[in-house]
file structure.cif (mmCIF, C-alpha atoms)
data_final
#
loop_
_atom_site.label_atom_id
_atom_site.label_comp_id
_atom_site.auth_asym_id
_atom_site.auth_seq_id
_atom_site.Cartn_x
_atom_site.Cartn_y
_atom_site.Cartn_z
CA MET A 1 -93.40 -181.24 -11.62
CA LEU A 2 -91.36 -182.13 -14.72
CA GLU A 3 -92.75 -184.82 -16.98
CA ASP A 4 -90.99 -188.18 -17.06
CA PRO A 5 -88.35 -187.94 -19.86
CA THR A 6 -89.10 -191.52 -20.94
CA LEU A 7 -92.78 -190.66 -21.32
CA GLN A 8 -91.87 -187.55 -23.29
CA LEU A 9 -89.77 -189.63 -25.70
CA GLU A 10 -92.63 -192.05 -26.20
CA GLN A 11 -95.17 -189.29 -26.79
CA THR A 12 -92.92 -187.59 -29.36
CA ASN A 13 -92.54 -190.89 -31.22
CA ILE A 14 -96.29 -191.52 -31.22
CA GLN A 15 -96.95 -188.03 -32.65
CA HIS A 16 -94.93 -188.93 -35.75
CA ALA A 17 -96.12 -192.51 -36.12
CA ILE A 18 -98.78 -194.10 -38.30
CA ILE A 19 -101.43 -195.48 -35.96
CA GLY A 20 -102.20 -199.05 -36.93
CA GLU A 21 -100.68 -202.41 -37.79
CA PRO A 22 -97.13 -202.21 -39.23
CA MET A 23 -96.83 -202.63 -43.01
CA THR A 24 -93.71 -203.69 -44.89
CA SER A 25 -94.67 -202.85 -48.47
CA LEU A 26 -93.61 -199.37 -49.61
CA SER A 27 -96.49 -199.01 -52.06
CA GLU A 28 -99.04 -199.97 -49.39
CA ILE A 29 -97.51 -197.60 -46.87
CA LEU A 30 -97.48 -194.66 -49.27
CA LEU A 31 -101.08 -195.20 -50.33
CA SER A 32 -102.12 -195.30 -46.66
CA LEU A 33 -100.73 -191.78 -46.09
CA THR A 34 -102.69 -188.57 -46.53
CA LYS A 35 -101.99 -186.48 -49.60
CA THR A 36 -100.57 -183.78 -47.27
CA ARG A 37 -98.00 -186.25 -45.90
CA LEU A 38 -97.16 -187.46 -49.43
CA SER A 39 -96.74 -183.86 -50.60
CA ALA A 40 -94.36 -183.16 -47.70
CA LEU A 41 -92.23 -186.17 -48.66
CA ALA A 42 -92.26 -185.11 -52.31
CA SER A 43 -91.20 -181.61 -51.30
CA VAL A 44 -88.18 -182.95 -49.39
CA HIS A 45 -87.06 -184.75 -52.56
CA SER A 46 -87.94 -181.78 -54.82
CA ILE A 47 -90.07 -183.99 -57.09
CA THR A 48 -91.16 -181.82 -60.00
CA GLY A 49 -94.84 -181.37 -60.77
CA ARG A 50 -95.87 -182.63 -57.35
CA SER A 51 -98.47 -179.89 -56.81
CA LYS A 52 -100.54 -181.15 -59.77
CA MET A 53 -100.32 -184.85 -58.97
CA LYS A 54 -103.14 -186.93 -57.58
CA LYS A 55 -102.51 -189.02 -54.48
CA GLU A 56 -101.81 -192.21 -56.45
CA GLU A 57 -99.42 -190.38 -58.77
CA LEU A 58 -97.56 -188.87 -55.81
CA ALA A 59 -97.19 -192.30 -54.20
CA GLU A 60 -95.81 -193.79 -57.42
CA ALA A 61 -93.39 -190.90 -58.01
CA LEU A 62 -92.11 -191.18 -54.44
CA SER A 63 -91.67 -194.94 -54.72
CA ASP A 64 -89.67 -194.53 -57.92
CA TYR A 65 -87.50 -191.83 -56.36
CA VAL A 66 -86.59 -193.46 -53.05
CA THR A 67 -85.85 -196.85 -54.63
CA ASN A 68 -83.51 -195.31 -57.21
CA THR A 69 -80.00 -196.54 -56.34
CA GLU A 70 -78.35 -193.20 -57.10
CA HIS A 71 -80.82 -191.24 -54.98
CA LEU A 72 -80.57 -193.79 -52.18
CA SER A 73 -76.78 -193.60 -52.17
CA SER A 74 -76.88 -189.83 -51.92
CA MET A 75 -79.27 -189.96 -48.95
CA LEU A 76 -77.24 -192.62 -47.17
CA LEU A 77 -74.10 -190.49 -47.41
CA GLN A 78 -75.89 -187.64 -45.64
CA MET A 79 -76.70 -189.72 -42.54
CA ASP A 80 -75.00 -189.03 -39.24
CA GLY A 81 -73.50 -191.78 -37.10
CA ALA A 82 -76.67 -192.66 -35.16
CA GLU A 83 -78.75 -192.74 -38.34
CA TRP A 84 -76.24 -194.95 -40.12
CA SER A 85 -76.20 -197.37 -37.19
CA LEU A 86 -80.01 -197.60 -37.24
CA PHE A 87 -79.98 -198.01 -41.02
CA GLU A 88 -77.60 -200.99 -40.75
CA THR A 89 -79.80 -202.57 -38.09
CA LEU A 90 -82.94 -202.15 -40.19
CA LEU A 91 -81.18 -203.51 -43.24
CA GLN A 92 -80.64 -206.74 -41.34
CA GLU A 93 -83.79 -206.95 -39.23
CA SER A 94 -86.33 -204.84 -41.24
CA SER A 95 -88.09 -203.81 -38.01
CA VAL A 96 -87.05 -202.33 -34.68
CA GLN A 97 -89.44 -202.17 -31.73
CA ASP A 98 -88.52 -199.41 -29.25
CA ASN A 99 -91.01 -196.98 -27.72
CA THR A 100 -88.32 -194.63 -26.40
CA ILE A 101 -85.86 -194.43 -29.27
CA PRO A 102 -84.85 -190.74 -29.60
CA TYR A 103 -86.81 -189.15 -32.42
CA GLY A 104 -83.66 -187.40 -33.63
CA ASP A 105 -82.06 -190.78 -34.35
CA TYR A 106 -84.53 -191.56 -37.13
CA ALA A 107 -86.17 -188.23 -38.12
CA PHE A 108 -83.91 -187.84 -41.16
CA LEU A 109 -84.86 -191.33 -42.40
CA LEU A 110 -88.55 -190.73 -41.65
CA ASP A 111 -88.65 -187.37 -43.43
CA ARG A 112 -87.21 -188.95 -46.59
CA GLY A 113 -89.45 -192.00 -46.68
CA LEU A 114 -86.67 -194.51 -46.05
CA VAL A 115 -88.17 -195.59 -42.75
CA PHE A 116 -91.73 -195.43 -41.39
CA SER A 117 -92.92 -195.66 -37.79
CA PHE A 118 -96.08 -197.41 -36.64
CA PHE A 119 -97.78 -197.40 -33.25
CA SER A 120 -99.90 -200.45 -32.58
CA GLU A 121 -101.11 -202.07 -29.35
CA GLY A 122 -98.89 -199.85 -27.23
CA GLN A 123 -95.72 -200.54 -29.20
CA LEU A 124 -93.71 -198.36 -31.59
CA HIS A 125 -92.21 -200.13 -34.61
CA LEU A 126 -89.67 -198.69 -37.05
CA ILE A 127 -89.96 -200.34 -40.46
CA MET A 128 -87.71 -200.19 -43.51
CA PRO A 129 -89.95 -201.21 -46.45
CA GLU A 130 -88.99 -204.28 -48.47
CA GLU A 131 -88.55 -202.33 -51.73
CA ILE A 132 -86.02 -199.99 -50.13
CA ARG A 133 -84.07 -202.85 -48.57
CA ASP A 134 -83.92 -204.59 -51.97
CA ALA A 135 -82.74 -201.39 -53.68
CA ILE A 136 -80.03 -200.80 -51.08
CA ARG A 137 -78.69 -204.33 -51.54
CA LYS A 138 -78.11 -203.55 -55.22
CA ALA A 139 -75.74 -200.74 -54.24
CA ASP A 140 -72.05 -201.21 -53.40
CA LEU A 141 -72.47 -201.11 -49.62
CA PRO A 142 -68.77 -201.52 -48.68
CA ALA A 143 -67.88 -198.56 -50.91
CA LEU A 144 -70.80 -196.56 -49.56
CA LYS A 145 -69.74 -197.28 -45.99
CA GLN A 146 -66.22 -196.04 -46.73
CA GLN A 147 -67.58 -192.91 -48.41
CA HIS A 148 -69.92 -192.34 -45.49
CA GLY A 149 -66.98 -192.45 -43.09
CA GLN A 150 -65.18 -189.81 -45.14
CA HIS A 151 -68.30 -187.62 -45.26
CA GLN A 152 -68.73 -187.94 -41.52
CA LEU A 153 -65.12 -186.99 -40.90
CA ALA A 154 -65.42 -183.85 -43.04
CA TYR A 155 -68.72 -183.04 -41.31
CA GLN A 156 -67.07 -183.35 -37.89
CA TYR A 157 -64.22 -181.05 -38.94
CA ILE A 158 -66.67 -178.39 -40.12
CA VAL A 159 -68.74 -178.47 -36.93
CA ALA A 160 -65.68 -178.70 -34.67
CA ALA A 161 -64.00 -175.74 -36.37
CA SER A 162 -67.13 -173.61 -36.00
CA HIS A 163 -67.20 -174.36 -32.26
CA LEU A 164 -63.48 -173.74 -31.73
CA TYR A 165 -63.03 -170.65 -33.92
CA GLY A 166 -66.49 -169.11 -34.15
CA ALA A 167 -65.71 -168.46 -37.78
CA VAL A 168 -63.05 -170.13 -39.89
CA LYS A 169 -61.82 -169.39 -43.38
CA VAL A 170 -62.88 -172.13 -45.80
CA ASP A 171 -59.35 -172.23 -47.22
CA LYS A 172 -57.86 -172.58 -43.73
CA LEU A 173 -60.17 -175.45 -42.77
CA LEU A 174 -59.29 -177.19 -46.04
CA GLU A 175 -55.60 -176.77 -45.20
CA ILE A 176 -56.10 -178.19 -41.68
CA TYR A 177 -58.15 -181.15 -42.93
CA ASN A 178 -55.71 -182.09 -45.68
CA ALA A 179 -52.72 -181.77 -43.35
CA GLN A 180 -54.28 -184.18 -40.84
CA ASN A 181 -55.72 -186.77 -43.27
CA GLU A 182 -54.20 -188.95 -45.98
CA GLN A 183 -57.21 -188.67 -48.30
CA ALA A 184 -57.42 -185.01 -49.25
CA LEU A 185 -60.55 -182.98 -49.94
CA SER A 186 -60.91 -180.47 -52.75
CA ALA A 187 -62.29 -177.00 -52.08
CA GLU A 188 -65.46 -177.95 -53.97
CA GLU A 189 -65.93 -181.10 -51.88
CA LEU A 190 -65.50 -179.15 -48.65
CA LEU A 191 -68.04 -176.53 -49.74
CA ASN A 192 -70.49 -179.31 -50.62
CA GLU A 193 -70.02 -180.75 -47.13
CA VAL A 194 -70.62 -177.32 -45.59
CA ASN A 195 -73.84 -176.88 -47.56
CA GLU A 196 -75.00 -180.36 -46.50
CA ALA A 197 -74.26 -179.51 -42.86
CA ILE A 198 -76.31 -176.33 -43.21
CA GLY A 199 -79.09 -178.33 -44.86
CA ARG A 200 -79.05 -180.74 -41.92
CA GLY A 201 -79.80 -177.84 -39.58
CA GLU A 202 -76.35 -177.13 -38.17
CA ASN A 203 -76.03 -173.57 -36.82
CA LEU A 204 -73.74 -172.48 -39.63
CA LEU A 205 -73.66 -170.23 -42.65
CA LEU A 206 -71.19 -169.21 -45.33
CA HIS A 207 -70.27 -165.53 -45.24
CA GLY A 208 -67.42 -163.79 -47.05
CA GLY A 209 -65.36 -166.96 -47.49
CA TYR A 210 -65.87 -167.94 -43.83
CA ILE A 211 -67.84 -170.74 -42.18
CA VAL A 212 -69.61 -168.85 -39.40
CA ASN A 213 -71.09 -170.22 -36.18
CA SER A 214 -74.57 -168.73 -35.90
CA TYR A 215 -73.93 -167.84 -32.24
CA LEU A 216 -72.08 -164.86 -33.69
CA LEU A 217 -75.17 -163.87 -35.64
CA HIS A 218 -77.26 -163.84 -32.48
CA ASP A 219 -75.16 -160.94 -31.27
CA LEU A 220 -74.06 -159.09 -34.40
CA ASP A 221 -75.64 -157.66 -37.53
CA GLU A 222 -74.09 -158.21 -40.98
CA GLN A 223 -71.93 -155.08 -40.84
CA LYS A 224 -70.57 -156.03 -37.44
CA ILE A 225 -69.88 -159.55 -38.71
CA ASN A 226 -67.86 -158.02 -41.55
CA ASP A 227 -66.01 -155.84 -39.05
CA TRP A 228 -65.35 -158.86 -36.86
CA ILE A 229 -63.99 -160.87 -39.80
CA ALA A 230 -61.72 -157.96 -40.72
CA LYS A 231 -60.42 -157.98 -37.14
CA VAL A 232 -59.44 -161.66 -37.21
CA GLU A 233 -58.10 -161.57 -40.76
CA GLY A 234 -54.36 -162.28 -40.76
CA LYS A 235 -54.20 -163.61 -37.21
CA PRO A 236 -52.64 -167.06 -36.79
CA TYR A 237 -54.85 -170.07 -36.07
CA TYR A 238 -54.49 -172.34 -33.08
CA VAL A 239 -54.53 -175.84 -34.59
CA PRO A 240 -54.70 -178.76 -32.14
CA ASP A 241 -54.05 -182.32 -33.22
CA GLN A 242 -56.89 -184.23 -34.85
CA GLU A 243 -58.05 -185.96 -31.68
CA GLU A 244 -58.38 -182.71 -29.73
CA LEU A 245 -59.88 -180.78 -32.65
CA LEU A 246 -62.63 -183.36 -33.23
CA ARG A 247 -63.66 -183.18 -29.58
CA TYR A 248 -65.09 -179.76 -30.48
CA ALA A 249 -67.60 -181.44 -32.81
CA ASP A 250 -69.58 -182.00 -29.62
CA GLU A 251 -71.15 -178.60 -28.98
CA THR A 252 -71.00 -179.22 -25.23
CA TYR A 253 -67.22 -179.76 -25.22
CA PHE A 254 -64.76 -177.15 -24.06
CA GLU A 255 -61.26 -177.30 -22.67
CA MET A 256 -61.54 -177.49 -18.88
CA THR A 257 -58.50 -175.37 -18.04
CA PRO A 258 -56.91 -175.24 -14.58
CA GLN A 259 -58.27 -171.70 -14.32
CA LEU A 260 -61.86 -172.85 -14.99
CA SER A 261 -61.42 -175.65 -12.47
CA ALA A 262 -60.16 -173.21 -9.86
CA LEU A 263 -63.16 -170.92 -10.43
CA GLN A 264 -65.58 -173.84 -10.25
CA GLN A 265 -64.08 -175.08 -6.99
CA TYR A 266 -64.19 -171.60 -5.46
CA VAL A 267 -67.83 -171.04 -6.44
CA LEU A 268 -68.83 -174.44 -5.03
CA ARG A 269 -66.95 -173.81 -1.81
CA GLU A 270 -67.89 -170.18 -1.17
CA LEU A 271 -70.92 -169.15 -3.23
CA CYS A 272 -73.19 -172.01 -4.28
CA LYS A 273 -73.40 -175.63 -3.16
CA ASP A 274 -75.64 -176.81 -6.02
CA GLN A 275 -73.38 -178.86 -8.30
CA GLU A 276 -75.66 -178.71 -11.36
CA THR A 277 -76.16 -174.94 -11.13
CA VAL A 278 -72.42 -174.39 -10.92
CA GLU A 279 -71.73 -176.69 -13.86
CA TYR A 280 -74.16 -174.70 -16.02
CA LEU A 281 -72.58 -171.48 -14.77
CA ILE A 282 -69.09 -172.63 -15.76
CA ASP A 283 -70.35 -173.76 -19.16
CA ASP A 284 -71.93 -170.36 -19.88
CA LEU A 285 -68.94 -168.44 -18.52
CA GLN A 286 -66.59 -170.37 -20.79
CA LEU A 287 -68.74 -169.59 -23.85
CA ALA A 288 -69.02 -165.95 -22.84
CA CYS A 289 -65.23 -165.69 -22.52
CA ALA A 290 -64.75 -167.45 -25.88
CA LYS A 291 -66.99 -164.81 -27.44
CA GLY A 292 -65.07 -162.00 -25.71
CA SER A 293 -68.01 -160.84 -23.60
CA SER A 294 -67.69 -157.95 -21.16
CA ILE A 295 -67.13 -158.29 -17.43
CA GLN A 296 -70.71 -157.12 -16.91
CA ASP A 297 -71.90 -160.06 -19.01
CA LEU A 298 -69.80 -162.45 -16.94
CA ILE A 299 -71.18 -161.05 -13.68
CA TYR A 300 -74.69 -161.35 -15.08
CA GLU A 301 -74.20 -165.13 -15.33
CA PHE A 302 -73.87 -165.13 -11.52
CA GLU A 303 -76.75 -162.72 -10.93
CA SER A 304 -79.15 -164.57 -13.26
CA ARG A 305 -78.68 -167.64 -11.08
CA LYS A 306 -79.01 -165.62 -7.86
CA ILE A 307 -75.42 -166.42 -6.89
CA ASN A 308 -74.52 -163.38 -4.79
CA PHE A 309 -71.30 -162.16 -3.19
CA LYS A 310 -71.58 -161.83 0.58
CA ASN A 311 -68.75 -159.31 0.94
CA PRO A 312 -66.21 -157.32 -1.11
CA LEU A 313 -63.53 -159.96 -0.65
CA GLN A 314 -65.68 -162.60 -2.33
CA ALA A 315 -66.40 -160.19 -5.17
CA GLN A 316 -62.72 -159.42 -5.74
CA GLN A 317 -61.62 -163.02 -5.48
CA THR A 318 -64.29 -164.07 -7.97
CA ILE A 319 -63.29 -161.29 -10.37
CA GLN A 320 -59.64 -162.27 -10.10
CA LEU A 321 -60.50 -165.88 -10.90
CA LEU A 322 -62.67 -164.72 -13.82
CA THR A 323 -59.71 -162.69 -15.08
CA GLU A 324 -57.53 -165.78 -15.11
CA VAL A 325 -60.25 -167.75 -16.91
CA TYR A 326 -60.67 -164.98 -19.49
CA ASN A 327 -56.95 -164.79 -20.25
CA HIS A 328 -56.66 -168.57 -20.64
CA THR A 329 -59.82 -169.23 -22.69
CA ARG A 330 -59.59 -170.06 -26.39
CA MET A 331 -61.22 -167.05 -28.00
CA TRP A 332 -63.05 -166.76 -31.29
CA ALA A 333 -61.57 -163.31 -31.91
CA ASN A 334 -58.09 -164.85 -31.64
CA ASN A 335 -58.75 -167.83 -33.94
CA GLY A 336 -58.68 -170.24 -31.05
CA PHE A 337 -55.64 -168.87 -29.23
CA THR A 338 -55.85 -167.69 -25.64
CA LEU A 339 -54.69 -164.17 -24.82
CA VAL A 340 -51.74 -165.66 -22.93
CA GLU A 341 -50.70 -167.79 -25.93
CA LEU A 342 -51.18 -164.96 -28.41
CA GLN A 343 -49.05 -162.64 -26.29
CA ALA A 344 -46.27 -165.22 -26.18
CA ILE A 345 -46.13 -165.65 -29.97
CA ALA A 346 -46.92 -162.05 -30.98
CA ASP A 347 -44.48 -160.33 -33.27
CA GLY A 348 -44.35 -156.61 -32.56
CA VAL A 349 -47.32 -155.24 -30.62
CA LYS A 350 -48.42 -157.80 -28.07
CA PRO A 351 -52.07 -158.14 -27.05
CA GLU A 352 -52.59 -157.04 -23.48
CA LEU A 353 -53.90 -159.47 -20.91
CA VAL A 354 -57.06 -158.47 -19.12
CA LYS A 355 -56.51 -157.03 -15.65
CA LEU A 356 -59.85 -156.55 -13.96
CA VAL A 357 -58.95 -156.46 -10.27
CA ASN A 358 -55.60 -156.67 -8.51
CA ILE A 359 -55.42 -158.46 -5.18
CA SER A 360 -52.46 -157.79 -2.92
CA ALA A 361 -49.92 -160.44 -2.06
CA ALA A 362 -51.42 -160.67 1.41
CA ASP A 363 -54.76 -161.39 -0.29
CA THR A 364 -56.47 -158.67 1.73
CA VAL A 365 -58.94 -156.09 0.51
CA PRO A 366 -59.60 -152.64 1.98
CA LYS A 367 -63.15 -151.89 3.03
CA VAL A 368 -65.34 -150.49 0.28
CA GLY A 369 -67.37 -147.41 1.01
CA ARG A 370 -71.05 -147.54 0.12
CA ASN A 371 -70.60 -144.74 -2.41
CA GLU A 372 -67.41 -146.13 -3.94
CA PRO A 373 -67.35 -148.20 -7.18
CA CYS A 374 -68.26 -151.85 -6.63
CA PRO A 375 -65.24 -154.20 -6.86
CA CYS A 376 -67.15 -156.44 -9.29
CA GLY A 377 -66.49 -153.93 -12.07
CA SER A 378 -70.14 -153.22 -12.90
CA GLY A 379 -69.57 -149.45 -12.80
CA LEU A 380 -72.26 -149.03 -10.15
CA LYS A 381 -71.73 -147.74 -6.63
CA TYR A 382 -71.21 -150.50 -4.08
CA LYS A 383 -74.52 -149.68 -2.32
CA LYS A 384 -76.39 -150.09 -5.64
CA CYS A 385 -74.66 -153.35 -6.53
CA HIS A 386 -73.21 -155.98 -4.21
CA GLY A 387 -73.59 -153.78 -1.15
CA LYS A 388 -77.37 -154.21 -1.15
#

call {"tool": "encode", "arguments": {"input": "structure.cif", "output": "structure tokens"}}
result
Amino acid sequence: MLEDPTLQLEQTNIQHAIIGEPMTSLSEILLSLTKTRLSALASVHSITGRSKMKKEELAEALSDYVTNTEHLSSMLLQMDGAEWSLFETLLQESSVQDNTIPYGDYAFLLDRGLVFSFFSEGQLHLIMPEEIRDAIRKADLPALKQQHGQHQLAYQYIVAASHLYGAVKVDKLLEIYNAQNEQALSAEELLNEVNEAIGRGENLLLHGGYIVNSYLLHDLDEQKINDWIAKVEGKPYYVPDQEELLRYADETYFEMTPQLSALQQYVLRELCKDQETVEYLIDDLQLACAKGSSIQDLIYEFESRKINFKNPLQAQQTIQLLTEVYNHTRMWANNGFTLVELQAIADGVKPELVKLVNISAADTVPKVGRNEPCPCGSGLKYKKCHGK
């Protein structure tokens, strides 16, 4: 039986909390920590000479660092939306009591010593120490808030582009951003934003002038990545408007095309009645098509969920629907264009649409012999595949 998600949240928060009465003084909090915890905080801030410092010296060096207005401003600009919202709340209230606040909403602040969590008498408290609140008030908060909004926008563009394109040229993303926003970025500013996104744990890297989604690296070695980049070099980019592009900043977002909807409805009606299973199937099929996976990989998504075809007609109808999905999916190898779109705009040699199985106008299928190839396209004989 799965554990209660609310209980899991609470347990995760307790694991990272200081057990005991909440404290509001930064110096008191730091001195209450173990030297190991202080060293970890000092490492995050790259405080020089930390390995030779005594506990009291580490606490003092950390206090000086995190209350420095320049350092604080830099850290605030790196926050994501949820972190910024919590920061504003703590700036006003100093303490938030919530046993089930998602750890990810405050981990960045906790790891940098801007916020500390305490667990006392069954309650979790998030505290922003008085010294940090005083230091923040000395900064130009309206200007910082505006800068933070610009940072967040650039961050969203970077993440969205990696999800839509798989890999995008830095120069191209800069062009897209500056065309869609009044306040332009420089190439240096964009690269700084990319490096910050990587530092925040986004699944990205810089490779050969491209921002690369690490999903590509799960499948390809460096040489194949170079070959892949050479293949997309020179192809046009599909560039949606800003609103649509930024939807891709959510890694769970994808364009629910009519073809995907038709496949989903067919699977629910004919193959599997479990709504959640089918939703996960459609999600994985869309990603597989975006990556240009083989038909065998697409069929595996069905088999891994024990969604089986009952007869050859179901197999062929499913394959035909998959073909339509494949041809209408925004593909990384086509810089976000679908095969149908790329064929329509191609100058000279047009890319061929995928044709996996043809179904007659009467929508009938001849019987498949047990020793004939399976209609699913696996390459196996029918008796060894869906004829079992």

call {"tool": "atom_distance", "arguments": {"input": "structure.cif", "atom1": "CA of Ile211 in chain A", "atom2": "CA of Ile158 in chain A"}}
result
8.0 Å

call {"tool": "resolve_selection", "arguments": {"input": "structure.cif", "expression": "the PyMOL selection byres ((chain A and resi 122) around 12)", "output": "ChimeraX atom specification"}}
result
/A:10-11,13-14,17,19-21,97-100,118-121,123-125

call {"tool": "atom_distance", "arguments": {"input": "structure.cif", "atom1": "CA of Val170 in chain A", "atom2": "CA of Asp80 in chain A"}}
result
21.8 Å

call {"tool": "closest_residue", "arguments": {"input": "structure.cif", "among": "A:Ala249, A:Ile47, A:Leu33, A:Val168", "to": "Gly234 in chain A", "atoms": "only C-alpha atoms"}}
result
A:Val168

call {"tool": "residues_around", "arguments": {"input": "structure.cif", "residues": "Leu205 in chain A", "least_positions_apart": "5", "cutoff": "9 Å", "atoms": "all atoms listed in the file", "output": "mmCIF file with C-alpha atoms, in the frame of the given file"}}
result
data_model
loop_
_atom_site.group_PDB
_atom_site.id
_atom_site.type_symbol
_atom_site.label_atom_id
_atom_site.label_comp_id
_atom_site.auth_asym_id
_atom_site.auth_seq_id
_atom_site.Cartn_x
_atom_site.Cartn_y
_atom_site.Cartn_z
ATOM 1 C CA VAL A 194 -70.620 -177.320 -45.590
ATOM 2 C CA ASN A 195 -73.840 -176.880 -47.560
ATOM 3 C CA ILE A 198 -76.310 -176.330 -43.210
ATOM 4 C CA TYR A 210 -65.870 -167.940 -43.830
ATOM 5 C CA ILE A 211 -67.840 -170.740 -42.180
ATOM 6 C CA VAL A 212 -69.610 -168.850 -39.400
ATOM 7 C CA ASN A 213 -71.090 -170.220 -36.180
ATOM 8 C CA SER A 214 -74.570 -168.730 -35.900
#

call {"tool": "closest_residue", "arguments": {"input": "structure.cif", "among": "A:His328, A:His148, A:Lys172, A:Arg269", "to": "Glu83 in chain A", "atoms": "all atoms listed in the file"}}
result
A:His148

call {"tool": "closest_residue", "arguments": {"input": "structure.cif", "among": "A:Gly113, A:Gly166, A:Gly209, A:Pro5", "to": "Val66 in chain A", "atoms": "all atoms listed in the file"}}
result
A:Gly113

call {"tool": "residues_around", "arguments": {"input": "structure.cif", "residues": "Glu60 in chain A", "least_positions_apart": "6", "cutoff": "10 Å", "atoms": "only C-alpha atoms", "output": "compact mmCIF listing (two decimals) with C-alpha atoms, in the coordinates of the input"}}
result
# COMPACT_ATOMS: atom_id res chain seq x y z
CA LEU A 26 -93.61 -199.37 -49.61
CA SER A 27 -96.49 -199.01 -52.06
CA LEU A 30 -97.48 -194.66 -49.27
CA LEU A 31 -101.08 -195.20 -50.33

call {"tool": "resolve_selection", "arguments": {"input": "structure.cif", "expression": "the PyMOL selection byres ((chain A and resi 152) around 10)", "output": "CSV table (one decimal) with C-alpha atoms, in the coordinates of the input"}}
result
chain,number,residue,atom,x,y,z
A,77,LEU,CA,-74.1,-190.5,-47.4
A,78,GLN,CA,-75.9,-187.6,-45.6
A,79,MET,CA,-76.7,-189.7,-42.5
A,80,ASP,CA,-75.0,-189.0,-39.2
A,81,GLY,CA,-73.5,-191.8,-37.1
A,146,GLN,CA,-66.2,-196.0,-46.7
A,147,GLN,CA,-67.6,-192.9,-48.4
A,148,HIS,CA,-69.9,-192.3,-45.5
A,149,GLY,CA,-67.0,-192.4,-43.1
A,150,GLN,CA,-65.2,-189.8,-45.1
A,151,HIS,CA,-68.3,-187.6,-45.3
A,153,LEU,CA,-65.1,-187.0,-40.9
A,154,ALA,CA,-65.4,-183.8,-43.0
A,155,TYR,CA,-68.7,-183.0,-41.3
A,156,GLN,CA,-67.1,-183.4,-37.9
A,157,TYR,CA,-64.2,-181.0,-38.9
A,158,ILE,CA,-66.7,-178.4,-40.1
A,193,GLU,CA,-70.0,-180.8,-47.1

call {"tool": "closest_atom_pairs", "arguments": {"input": "structure.cif", "of": "range 55-123 of chain A", "to": "range 128-137 of chain A", "cutoff": "9 Å", "atoms": "all atoms listed in the file", "output": "CSV"}}
result
residue,atom,partner,partner_atom,distance
A:Ser63,CA,A:Glu131,CA,8.6
A:Val66,CA,A:Ile132,CA,7.2
A:Thr67,CA,A:Ile132,CA,5.5
A:Asn68,CA,A:Ala135,CA,7.1
A:Thr69,CA,A:Ala135,CA,6.2
A:Leu72,CA,A:Ile136,CA,7.1
A:Ser73,CA,A:Ile136,CA,8.0
A:Phe87,CA,A:Met128,CA,8.4
A:Leu90,CA,A:Met128,CA,6.1
A:Leu91,CA,A:Arg133,CA,6.1
A:Gln92,CA,A:Arg133,CA,8.9
A:Glu93,CA,A:Met128,CA,8.9
A:Ser94,CA,A:Met128,CA,5.4
A:Ser95,CA,A:Met128,CA,6.6
A:Gly113,CA,A:Met128,CA,9.0
A:Leu114,CA,A:Met128,CA,6.3
A:Val115,CA,A:Met128,CA,4.7
A:Phe116,CA,A:Met128,CA,6.6
A:Ser117,CA,A:Met128,CA,9.0

call {"tool": "write_last_selection", "arguments": {"input": "structure.cif", "atoms": "C-alpha atoms", "output": "mmCIF file, keeping the file's coordinate frame"}}
result
data_model
loop_
_atom_site.group_PDB
_atom_site.id
_atom_site.type_symbol
_atom_site.label_atom_id
_atom_site.label_comp_id
_atom_site.auth_asym_id
_atom_site.auth_seq_id
_atom_site.Cartn_x
_atom_site.Cartn_y
_atom_site.Cartn_z
ATOM 1 C CA SER A 63 -91.670 -194.940 -54.720
ATOM 2 C CA VAL A 66 -86.590 -193.460 -53.050
ATOM 3 C CA THR A 67 -85.850 -196.850 -54.630
ATOM 4 C CA ASN A 68 -83.510 -195.310 -57.210
ATOM 5 C CA THR A 69 -80.000 -196.540 -56.340
ATOM 6 C CA LEU A 72 -80.570 -193.790 -52.180
ATOM 7 C CA SER A 73 -76.780 -193.600 -52.170
ATOM 8 C CA PHE A 87 -79.980 -198.010 -41.020
ATOM 9 C CA LEU A 90 -82.940 -202.150 -40.190
ATOM 10 C CA LEU A 91 -81.180 -203.510 -43.240
ATOM 11 C CA GLN A 92 -80.640 -206.740 -41.340
ATOM 12 C CA GLU A 93 -83.790 -206.950 -39.230
ATOM 13 C CA SER A 94 -86.330 -204.840 -41.240
ATOM 14 C CA SER A 95 -88.090 -203.810 -38.010
ATOM 15 C CA GLY A 113 -89.450 -192.000 -46.680
ATOM 16 C CA LEU A 114 -86.670 -194.510 -46.050
ATOM 17 C CA VAL A 115 -88.170 -195.590 -42.750
ATOM 18 C CA PHE A 116 -91.730 -195.430 -41.390
ATOM 19 C CA SER A 117 -92.920 -195.660 -37.790
#

call {"tool": "closest_residue", "arguments": {"input": "structure.cif", "among": "A:His163, A:His207, A:Arg330, A:Lys310", "to": "Thr252 in chain A", "atoms": "only C-alpha atoms"}}
result
A:His163

call {"tool": "resolve_selection", "arguments": {"input": "structure.cif", "expression": "the PyMOL selection byres ((chain A and resi 229) around 12)", "output": "ChimeraX atom specification"}}
result
/A:165-169,207-212,216,220,222-228,230-235,332-335

call {"tool": "residues_around", "arguments": {"input": "structure.cif", "residues": "Ile282 in chain A", "least_positions_apart": "4", "cutoff": "8 Å", "atoms": "only C-alpha atoms", "output": "PDB file with C-alpha atoms, in the frame of the given file"}}
result
ATOM      1  CA  LEU A 260     -61.860-172.850 -14.990  1.00  0.00           C
ATOM      2  CA  GLN A 264     -65.580-173.840 -10.250  1.00  0.00           C
ATOM      3  CA  VAL A 278     -72.420-174.390 -10.920  1.00  0.00           C
ATOM      4  CA  GLN A 286     -66.590-170.370 -20.790  1.00  0.00           C
TER       5      GLN A 286
END
